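Here is the file my_file.tsv (TSV, C-alpha atoms).
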chain	number	residue	atom	x	y	z
K	24	MET	CA	12.47	62.59	65.31
K	25	ASN	CA	13.12	62.94	69.02
K	26	ARG	CA	10.72	64.43	71.56
K	27	SER	CA	12.56	67.78	71.82
K	28	THR	CA	12.43	68.27	68.06
K	29	ARG	CA	8.69	67.44	67.98
K	30	ILE	CA	8.01	69.94	70.79
K	31	ALA	CA	10.05	72.65	69.04
K	32	LEU	CA	8.26	72.04	65.73
K	33	GLY	CA	4.88	72.09	67.48
K	34	ALA	CA	5.67	75.41	69.16
K	35	LEU	CA	6.83	76.87	65.85
K	36	LEU	CA	3.60	75.75	64.19
K	37	ILE	CA	1.46	77.29	66.93
K	38	LEU	CA	3.38	80.59	66.71
K	39	SER	CA	3.06	80.59	62.91
K	40	LEU	CA	-0.66	79.93	62.98
K	41	SER	CA	-1.33	82.48	65.70
K	42	SER	CA	0.47	85.17	63.71
K	43	CYS	CA	-1.62	84.57	60.56
K	44	ALA	CA	-4.31	86.99	61.66
K	45	GLY	CA	-1.69	89.70	62.06
K	46	PRO	CA	-1.30	92.22	64.83
K	47	GLY	CA	-4.49	94.04	65.77
K	48	ALA	CA	-6.73	91.74	63.73
K	49	ALA	CA	-10.36	92.37	64.53
K	50	PRO	CA	-12.29	89.54	66.16
K	51	VAL	CA	-14.92	87.82	64.04
K	52	SER	CA	-18.43	89.16	64.68
K	53	ASP	CA	-21.17	86.88	66.03
K	54	GLU	CA	-22.92	87.16	62.66
K	55	ASP	CA	-19.79	86.06	60.76
K	56	ALA	CA	-19.09	83.30	63.31
K	57	ALA	CA	-22.58	81.87	62.75
K	58	ALA	CA	-22.13	82.04	58.98
K	59	LEU	CA	-18.70	80.38	59.18
K	60	ALA	CA	-20.07	77.57	61.37
K	61	THR	CA	-22.77	76.95	58.77
K	62	LEU	CA	-20.26	77.16	55.93
K	63	ALA	CA	-18.07	74.54	57.63
K	64	LYS	CA	-21.00	72.12	57.62
K	65	VAL	CA	-22.23	72.91	54.11
K	66	ALA	CA	-19.38	73.92	51.78
K	67	GLY	CA	-17.60	70.58	51.45
K	68	PRO	CA	-20.46	68.07	51.50
K	69	THR	CA	-22.59	70.03	49.02
K	70	SER	CA	-19.66	70.33	46.60
K	71	ASN	CA	-19.15	66.54	46.58
K	72	VAL	CA	-16.50	66.14	49.27
K	73	ASP	CA	-16.98	63.12	51.54
K	74	PRO	CA	-17.69	64.59	55.00
K	75	ALA	CA	-15.58	61.86	56.64
K	76	ALA	CA	-12.53	62.95	54.61
K	77	ILE	CA	-12.71	66.67	55.45
K	78	THR	CA	-9.85	67.98	57.59
K	79	ARG	CA	-10.75	71.70	57.59
K	80	THR	CA	-12.61	74.42	55.73
K	81	GLU	CA	-11.68	78.05	55.26
K	82	CYS	CA	-13.77	80.80	53.67
K	83	TRP	CA	-13.75	84.47	52.85
K	84	LEU	CA	-15.35	86.52	55.62
K	85	PRO	CA	-19.05	86.86	54.71
K	86	SER	CA	-19.48	90.43	56.03
K	87	ASP	CA	-16.64	91.54	53.74
K	88	HIS	CA	-18.46	90.12	50.70
K	89	LEU	CA	-21.98	91.51	50.79
K	90	ILE	CA	-23.65	91.55	47.36
K	91	ALA	CA	-24.27	95.06	46.05
K	92	ASP	CA	-27.28	94.39	43.85
K	93	GLU	CA	-30.79	95.78	44.20
K	94	THR	CA	-32.29	92.39	43.31
K	95	VAL	CA	-31.17	90.99	46.69
K	96	ASN	CA	-31.38	92.41	50.20
K	97	ASP	CA	-28.42	94.08	51.89
K	98	THR	CA	-27.72	91.05	54.11
K	99	THR	CA	-26.91	88.67	51.23
K	100	TRP	CA	-23.29	87.64	50.74
K	101	ARG	CA	-21.21	85.52	48.34
K	102	VAL	CA	-17.94	83.89	49.38
K	103	LEU	CA	-15.56	81.25	48.16
K	104	CYS	CA	-14.65	78.44	50.53
K	105	ARG	CA	-11.85	75.91	50.33
K	106	THR	CA	-12.51	72.51	51.87
K	107	HIS	CA	-9.37	70.51	52.62
K	108	TYR	CA	-9.65	66.74	52.64
K	109	VAL	CA	-7.62	63.57	52.28
K	110	ASP	CA	-8.21	60.82	49.73
K	111	GLU	CA	-6.14	57.95	48.35
K	112	SER	CA	-3.93	60.41	46.45
K	113	GLY	CA	-3.12	62.47	49.55
K	114	ASP	CA	-4.02	65.98	50.72
K	115	ARG	CA	-6.47	67.74	48.40
K	116	TYR	CA	-8.92	70.64	48.37
K	117	GLN	CA	-12.13	71.63	46.65
K	118	ASP	CA	-13.27	75.22	46.22
K	119	ALA	CA	-16.95	76.14	46.43
K	120	THR	CA	-19.04	79.23	45.76
K	121	CYS	CA	-21.47	79.88	48.60
K	122	VAL	CA	-24.29	82.42	48.64
K	123	GLY	CA	-26.01	83.11	51.94
K	124	ASP	CA	-28.13	85.64	53.75
K	125	PHE	CA	-27.48	86.76	57.32
K	126	ALA	CA	-31.24	87.36	57.73
K	127	ALA	CA	-32.34	83.91	56.47
K	128	GLU	CA	-32.87	80.78	58.54
K	129	PRO	CA	-30.82	78.82	57.68
K	130	MET	CA	-28.34	81.30	56.25
K	131	LEU	CA	-27.58	78.83	53.46
K	132	ASP	CA	-28.18	75.19	52.76
K	133	HIS	CA	-25.84	74.46	49.86
K	134	CYS	CA	-22.81	75.66	47.95
K	135	TYR	CA	-21.70	74.96	44.41
K	136	ARG	CA	-18.43	73.51	43.21
K	137	TRP	CA	-16.37	76.46	42.08
K	138	ALA	CA	-15.40	76.39	38.43
K	139	PRO	CA	-12.91	78.78	36.86
K	140	TYR	CA	-14.26	81.32	34.41
K	141	THR	CA	-12.30	84.15	32.83
K	142	GLY	CA	-12.30	87.20	35.05
K	143	THR	CA	-14.03	85.59	38.03
K	144	PRO	CA	-12.52	85.71	41.52
K	145	VAL	CA	-10.39	82.85	42.79
K	146	PHE	CA	-9.99	81.74	46.40
K	147	GLU	CA	-6.58	83.39	46.74
K	148	ASP	CA	-7.98	86.84	45.81
K	149	TYR	CA	-9.01	87.59	49.41
K	150	PRO	CA	-7.82	86.53	52.85
K	151	ALA	CA	-9.69	83.58	54.36
K	152	VAL	CA	-10.61	82.60	57.89
K	153	ALA	CA	-11.18	79.19	59.43
K	154	ALA	CA	-14.77	78.02	59.20
K	155	GLY	CA	-16.32	75.98	61.94
Using structure tokens, write down the structure that the file contains.
Amino acid sequence: MNRSTRIALGALLILSLSSCAGPGAAPVSDEDAAALATLAKVAGPTSNVDPAAITRTECWLPSDHLIADETVNDTTWRVLCRTHYVDESGDRYQDATCVGDFAAEPMLDHCYRWAPYTGTPVFEDYPAVAAG
């Protein structure tokens, strides 16, 4: 692949990625940004992904997934995260269920490997944002 082709492909990738949020997409709040930074550090390693192999993590937006249950406070959220990594078989991902609390310090300290159950949400059910 020549240099011109690489530059054109790189520009196309940047344009594609920048359009993912869509026109008029709201910026991420400071609260969500802090949660996403924590999720980037926690989601993969606590769901058995080697931290050295992680290439990126994406999660549902915590403020969009507050838990409506009187047994928890109104700042508690539950999201699914997808940690992308590379191993000997190539590009892979692991999904994790993460429960956190905007009011807690730290907001969360672990996530659980997501396992499919009938009728439960899957990662693709909601839009995700980059964590970290």
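Using all atoms listed in the file, the smallest distance between any of K:Val109, K:Ile90, K:Ala154, K:Leu103 and K:Thr78 comes from K:Val109.
Each of K:Leu131, K:Arg105, K:Ala75, K:Thr99 was compared to K:Gln117 using all atoms listed in the file, and K:Arg105 turns out to be the nearest.
The gap separating atom CA of K:His133 from atom CA of K:Thr69 is 5.6 Å, in Å to one decimal.
Pairwise distance (atom CA of K:Tyr116, atom CA of K:Ser86) equals 23.7 Å.
Going from atom CA of K:Arg136 over to atom CA of K:Thr120, you cover 6.3 Å.
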List every protein, DNA or RNA residue with an atom no more than 8 Å from (-16.2, 70.1, 52.6) in the file's coordinates, counting only C-alpha atoms, and format the result as a list in words. Ala63, Lys64, Val65, Ala66, Gly67, Pro68, Thr69, Ser70, Asn71, Val72, Asp73, Pro74, Ile77, Arg79, Thr80, Arg105, Thr106, His107, Tyr108 and Gln117 of chain K
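Here the question is which of K:Asp124, K:Asp110, K:Asp118, K:Glu81 gets nearest to K:Thr98 using all atoms listed in the file, and that residue is K:Asp124.
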Just the residues within 8 Å of stretch 48-60 of chain K, please, counting all atoms listed in the file, with nothing from its chain fewer than 2 positions along; format it as JSON, numbers by chain. {"K": [44, 45, 46, 62, 63, 64, 82, 84, 85, 86, 125, 130, 153, 154, 155]}
How would stretch 99-128 of chain K look written as a JSON list (two decimals), in the first residue's frame with N, CA, C and O atoms?
[["chain", "number", "residue", "atom", "x", "y", "z"],
["K", 99, "THR", "N", -26.92, 5.22, 41.82],
["K", 99, "THR", "CA", -26.36, 3.91, 41.47],
["K", 99, "THR", "C", -26.75, 3.57, 40.03],
["K", 99, "THR", "O", -27.88, 3.78, 39.62],
["K", 100, "TRP", "N", -25.79, 3.04, 39.29],
["K", 100, "TRP", "CA", -26.00, 2.71, 37.89],
["K", 100, "TRP", "C", -25.48, 1.31, 37.59],
["K", 100, "TRP", "O", -24.68, 0.75, 38.32],
["K", 101, "ARG", "N", -26.00, 0.74, 36.48],
["K", 101, "ARG", "CA", -25.54, -0.58, 35.99],
["K", 101, "ARG", "C", -25.36, -0.46, 34.49],
["K", 101, "ARG", "O", -26.27, -0.05, 33.77],
["K", 102, "VAL", "N", -24.17, -0.80, 34.01],
["K", 102, "VAL", "CA", -23.88, -0.75, 32.58],
["K", 102, "VAL", "C", -23.20, -2.03, 32.14],
["K", 102, "VAL", "O", -22.65, -2.78, 32.95],
["K", 103, "LEU", "N", -23.23, -2.26, 30.86],
["K", 103, "LEU", "CA", -22.40, -3.30, 30.25],
["K", 103, "LEU", "C", -21.23, -2.61, 29.58],
["K", 103, "LEU", "O", -21.37, -1.54, 29.00],
["K", 104, "CYS", "N", -20.07, -3.23, 29.69],
["K", 104, "CYS", "CA", -18.87, -2.74, 29.01],
["K", 104, "CYS", "C", -18.33, -3.85, 28.12],
["K", 104, "CYS", "O", -18.49, -5.03, 28.42],
["K", 105, "ARG", "N", -17.68, -3.45, 27.07],
["K", 105, "ARG", "CA", -17.01, -4.40, 26.17],
["K", 105, "ARG", "C", -15.54, -4.02, 26.12],
["K", 105, "ARG", "O", -15.18, -2.93, 25.69],
["K", 106, "THR", "N", -14.71, -4.94, 26.58],
["K", 106, "THR", "CA", -13.26, -4.74, 26.55],
["K", 106, "THR", "C", -12.70, -5.49, 25.35],
["K", 106, "THR", "O", -12.89, -6.70, 25.21],
["K", 107, "HIS", "N", -12.04, -4.75, 24.48],
["K", 107, "HIS", "CA", -11.42, -5.34, 23.28],
["K", 107, "HIS", "C", -9.96, -5.65, 23.63],
["K", 107, "HIS", "O", -9.29, -4.86, 24.29],
["K", 108, "TYR", "N", -9.50, -6.80, 23.17],
["K", 108, "TYR", "CA", -8.13, -7.21, 23.43],
["K", 108, "TYR", "C", -7.64, -8.12, 22.32],
["K", 108, "TYR", "O", -8.42, -8.54, 21.46],
["K", 109, "VAL", "N", -6.35, -8.39, 22.33],
["K", 109, "VAL", "CA", -5.74, -9.26, 21.34],
["K", 109, "VAL", "C", -5.08, -10.42, 22.07],
["K", 109, "VAL", "O", -4.39, -10.23, 23.08],
["K", 110, "ASP", "N", -5.33, -11.64, 21.59],
["K", 110, "ASP", "CA", -4.60, -12.81, 22.11],
["K", 110, "ASP", "C", -4.08, -13.61, 20.92],
["K", 110, "ASP", "O", -4.14, -13.14, 19.77],
["K", 111, "GLU", "N", -3.60, -14.81, 21.17],
["K", 111, "GLU", "CA", -2.98, -15.59, 20.09],
["K", 111, "GLU", "C", -3.95, -15.92, 18.97],
["K", 111, "GLU", "O", -3.53, -16.21, 17.85],
["K", 112, "SER", "N", -5.25, -15.86, 19.22],
["K", 112, "SER", "CA", -6.23, -16.14, 18.17],
["K", 112, "SER", "C", -6.66, -14.90, 17.40],
["K", 112, "SER", "O", -7.42, -14.98, 16.46],
["K", 113, "GLY", "N", -6.20, -13.72, 17.83],
["K", 113, "GLY", "CA", -6.53, -12.49, 17.12],
["K", 113, "GLY", "C", -7.31, -11.51, 17.98],
["K", 113, "GLY", "O", -7.21, -11.52, 19.20],
["K", 114, "ASP", "N", -8.09, -10.65, 17.31],
["K", 114, "ASP", "CA", -8.89, -9.64, 18.01],
["K", 114, "ASP", "C", -10.08, -10.31, 18.69],
["K", 114, "ASP", "O", -10.80, -11.10, 18.07],
["K", 115, "ARG", "N", -10.30, -9.97, 19.96],
["K", 115, "ARG", "CA", -11.37, -10.57, 20.75],
["K", 115, "ARG", "C", -12.01, -9.50, 21.61],
["K", 115, "ARG", "O", -11.51, -8.39, 21.70],
["K", 116, "TYR", "N", -13.09, -9.86, 22.29],
["K", 116, "TYR", "CA", -13.69, -8.96, 23.27],
["K", 116, "TYR", "C", -14.33, -9.78, 24.38],
["K", 116, "TYR", "O", -14.66, -10.95, 24.21],
["K", 117, "GLN", "N", -14.47, -9.13, 25.52],
["K", 117, "GLN", "CA", -15.14, -9.71, 26.68],
["K", 117, "GLN", "C", -16.12, -8.68, 27.21],
["K", 117, "GLN", "O", -15.74, -7.53, 27.45],
["K", 118, "ASP", "N", -17.36, -9.07, 27.40],
["K", 118, "ASP", "CA", -18.36, -8.18, 27.97],
["K", 118, "ASP", "C", -18.39, -8.35, 29.48],
["K", 118, "ASP", "O", -18.15, -9.44, 30.01],
["K", 119, "ALA", "N", -18.70, -7.26, 30.18],
["K", 119, "ALA", "CA", -18.75, -7.27, 31.64],
["K", 119, "ALA", "C", -19.95, -6.45, 32.11],
["K", 119, "ALA", "O", -20.32, -5.45, 31.49],
["K", 120, "THR", "N", -20.54, -6.89, 33.21],
["K", 120, "THR", "CA", -21.59, -6.13, 33.90],
["K", 120, "THR", "C", -20.92, -5.35, 35.01],
["K", 120, "THR", "O", -20.18, -5.91, 35.82],
["K", 121, "CYS", "N", -21.16, -4.04, 35.04],
["K", 121, "CYS", "CA", -20.52, -3.19, 36.03],
["K", 121, "CYS", "C", -21.59, -2.39, 36.77],
["K", 121, "CYS", "O", -22.45, -1.77, 36.14],
["K", 122, "VAL", "N", -21.55, -2.42, 38.09],
["K", 122, "VAL", "CA", -22.47, -1.67, 38.92],
["K", 122, "VAL", "C", -21.65, -0.67, 39.72],
["K", 122, "VAL", "O", -20.70, -1.05, 40.40],
["K", 123, "GLY", "N", -22.01, 0.60, 39.62],
["K", 123, "GLY", "CA", -21.28, 1.64, 40.32],
["K", 123, "GLY", "C", -22.21, 2.65, 40.94],
["K", 123, "GLY", "O", -23.44, 2.59, 40.78],
["K", 124, "ASP", "N", -21.61, 3.60, 41.64],
["K", 124, "ASP", "CA", -22.38, 4.63, 42.32],
["K", 124, "ASP", "C", -21.62, 5.94, 42.19],
["K", 124, "ASP", "O", -20.48, 6.06, 42.64],
["K", 125, "PHE", "N", -22.26, 6.93, 41.53],
["K", 125, "PHE", "CA", -21.62, 8.23, 41.35],
["K", 125, "PHE", "C", -21.18, 8.83, 42.68],
["K", 125, "PHE", "O", -20.19, 9.55, 42.74],
["K", 126, "ALA", "N", -21.91, 8.53, 43.76],
["K", 126, "ALA", "CA", -21.62, 9.15, 45.07],
["K", 126, "ALA", "C", -20.56, 8.39, 45.87],
["K", 126, "ALA", "O", -20.10, 8.89, 46.89],
["K", 127, "ALA", "N", -20.16, 7.21, 45.42],
["K", 127, "ALA", "CA", -19.19, 6.40, 46.17],
["K", 127, "ALA", "C", -17.76, 6.75, 45.77],
["K", 127, "ALA", "O", -17.50, 7.26, 44.69],
["K", 128, "GLU", "N", -16.84, 6.44, 46.65],
["K", 128, "GLU", "CA", -15.41, 6.63, 46.38],
["K", 128, "GLU", "C", -14.68, 5.35, 46.76],
["K", 128, "GLU", "O", -14.64, 5.02, 47.93]]
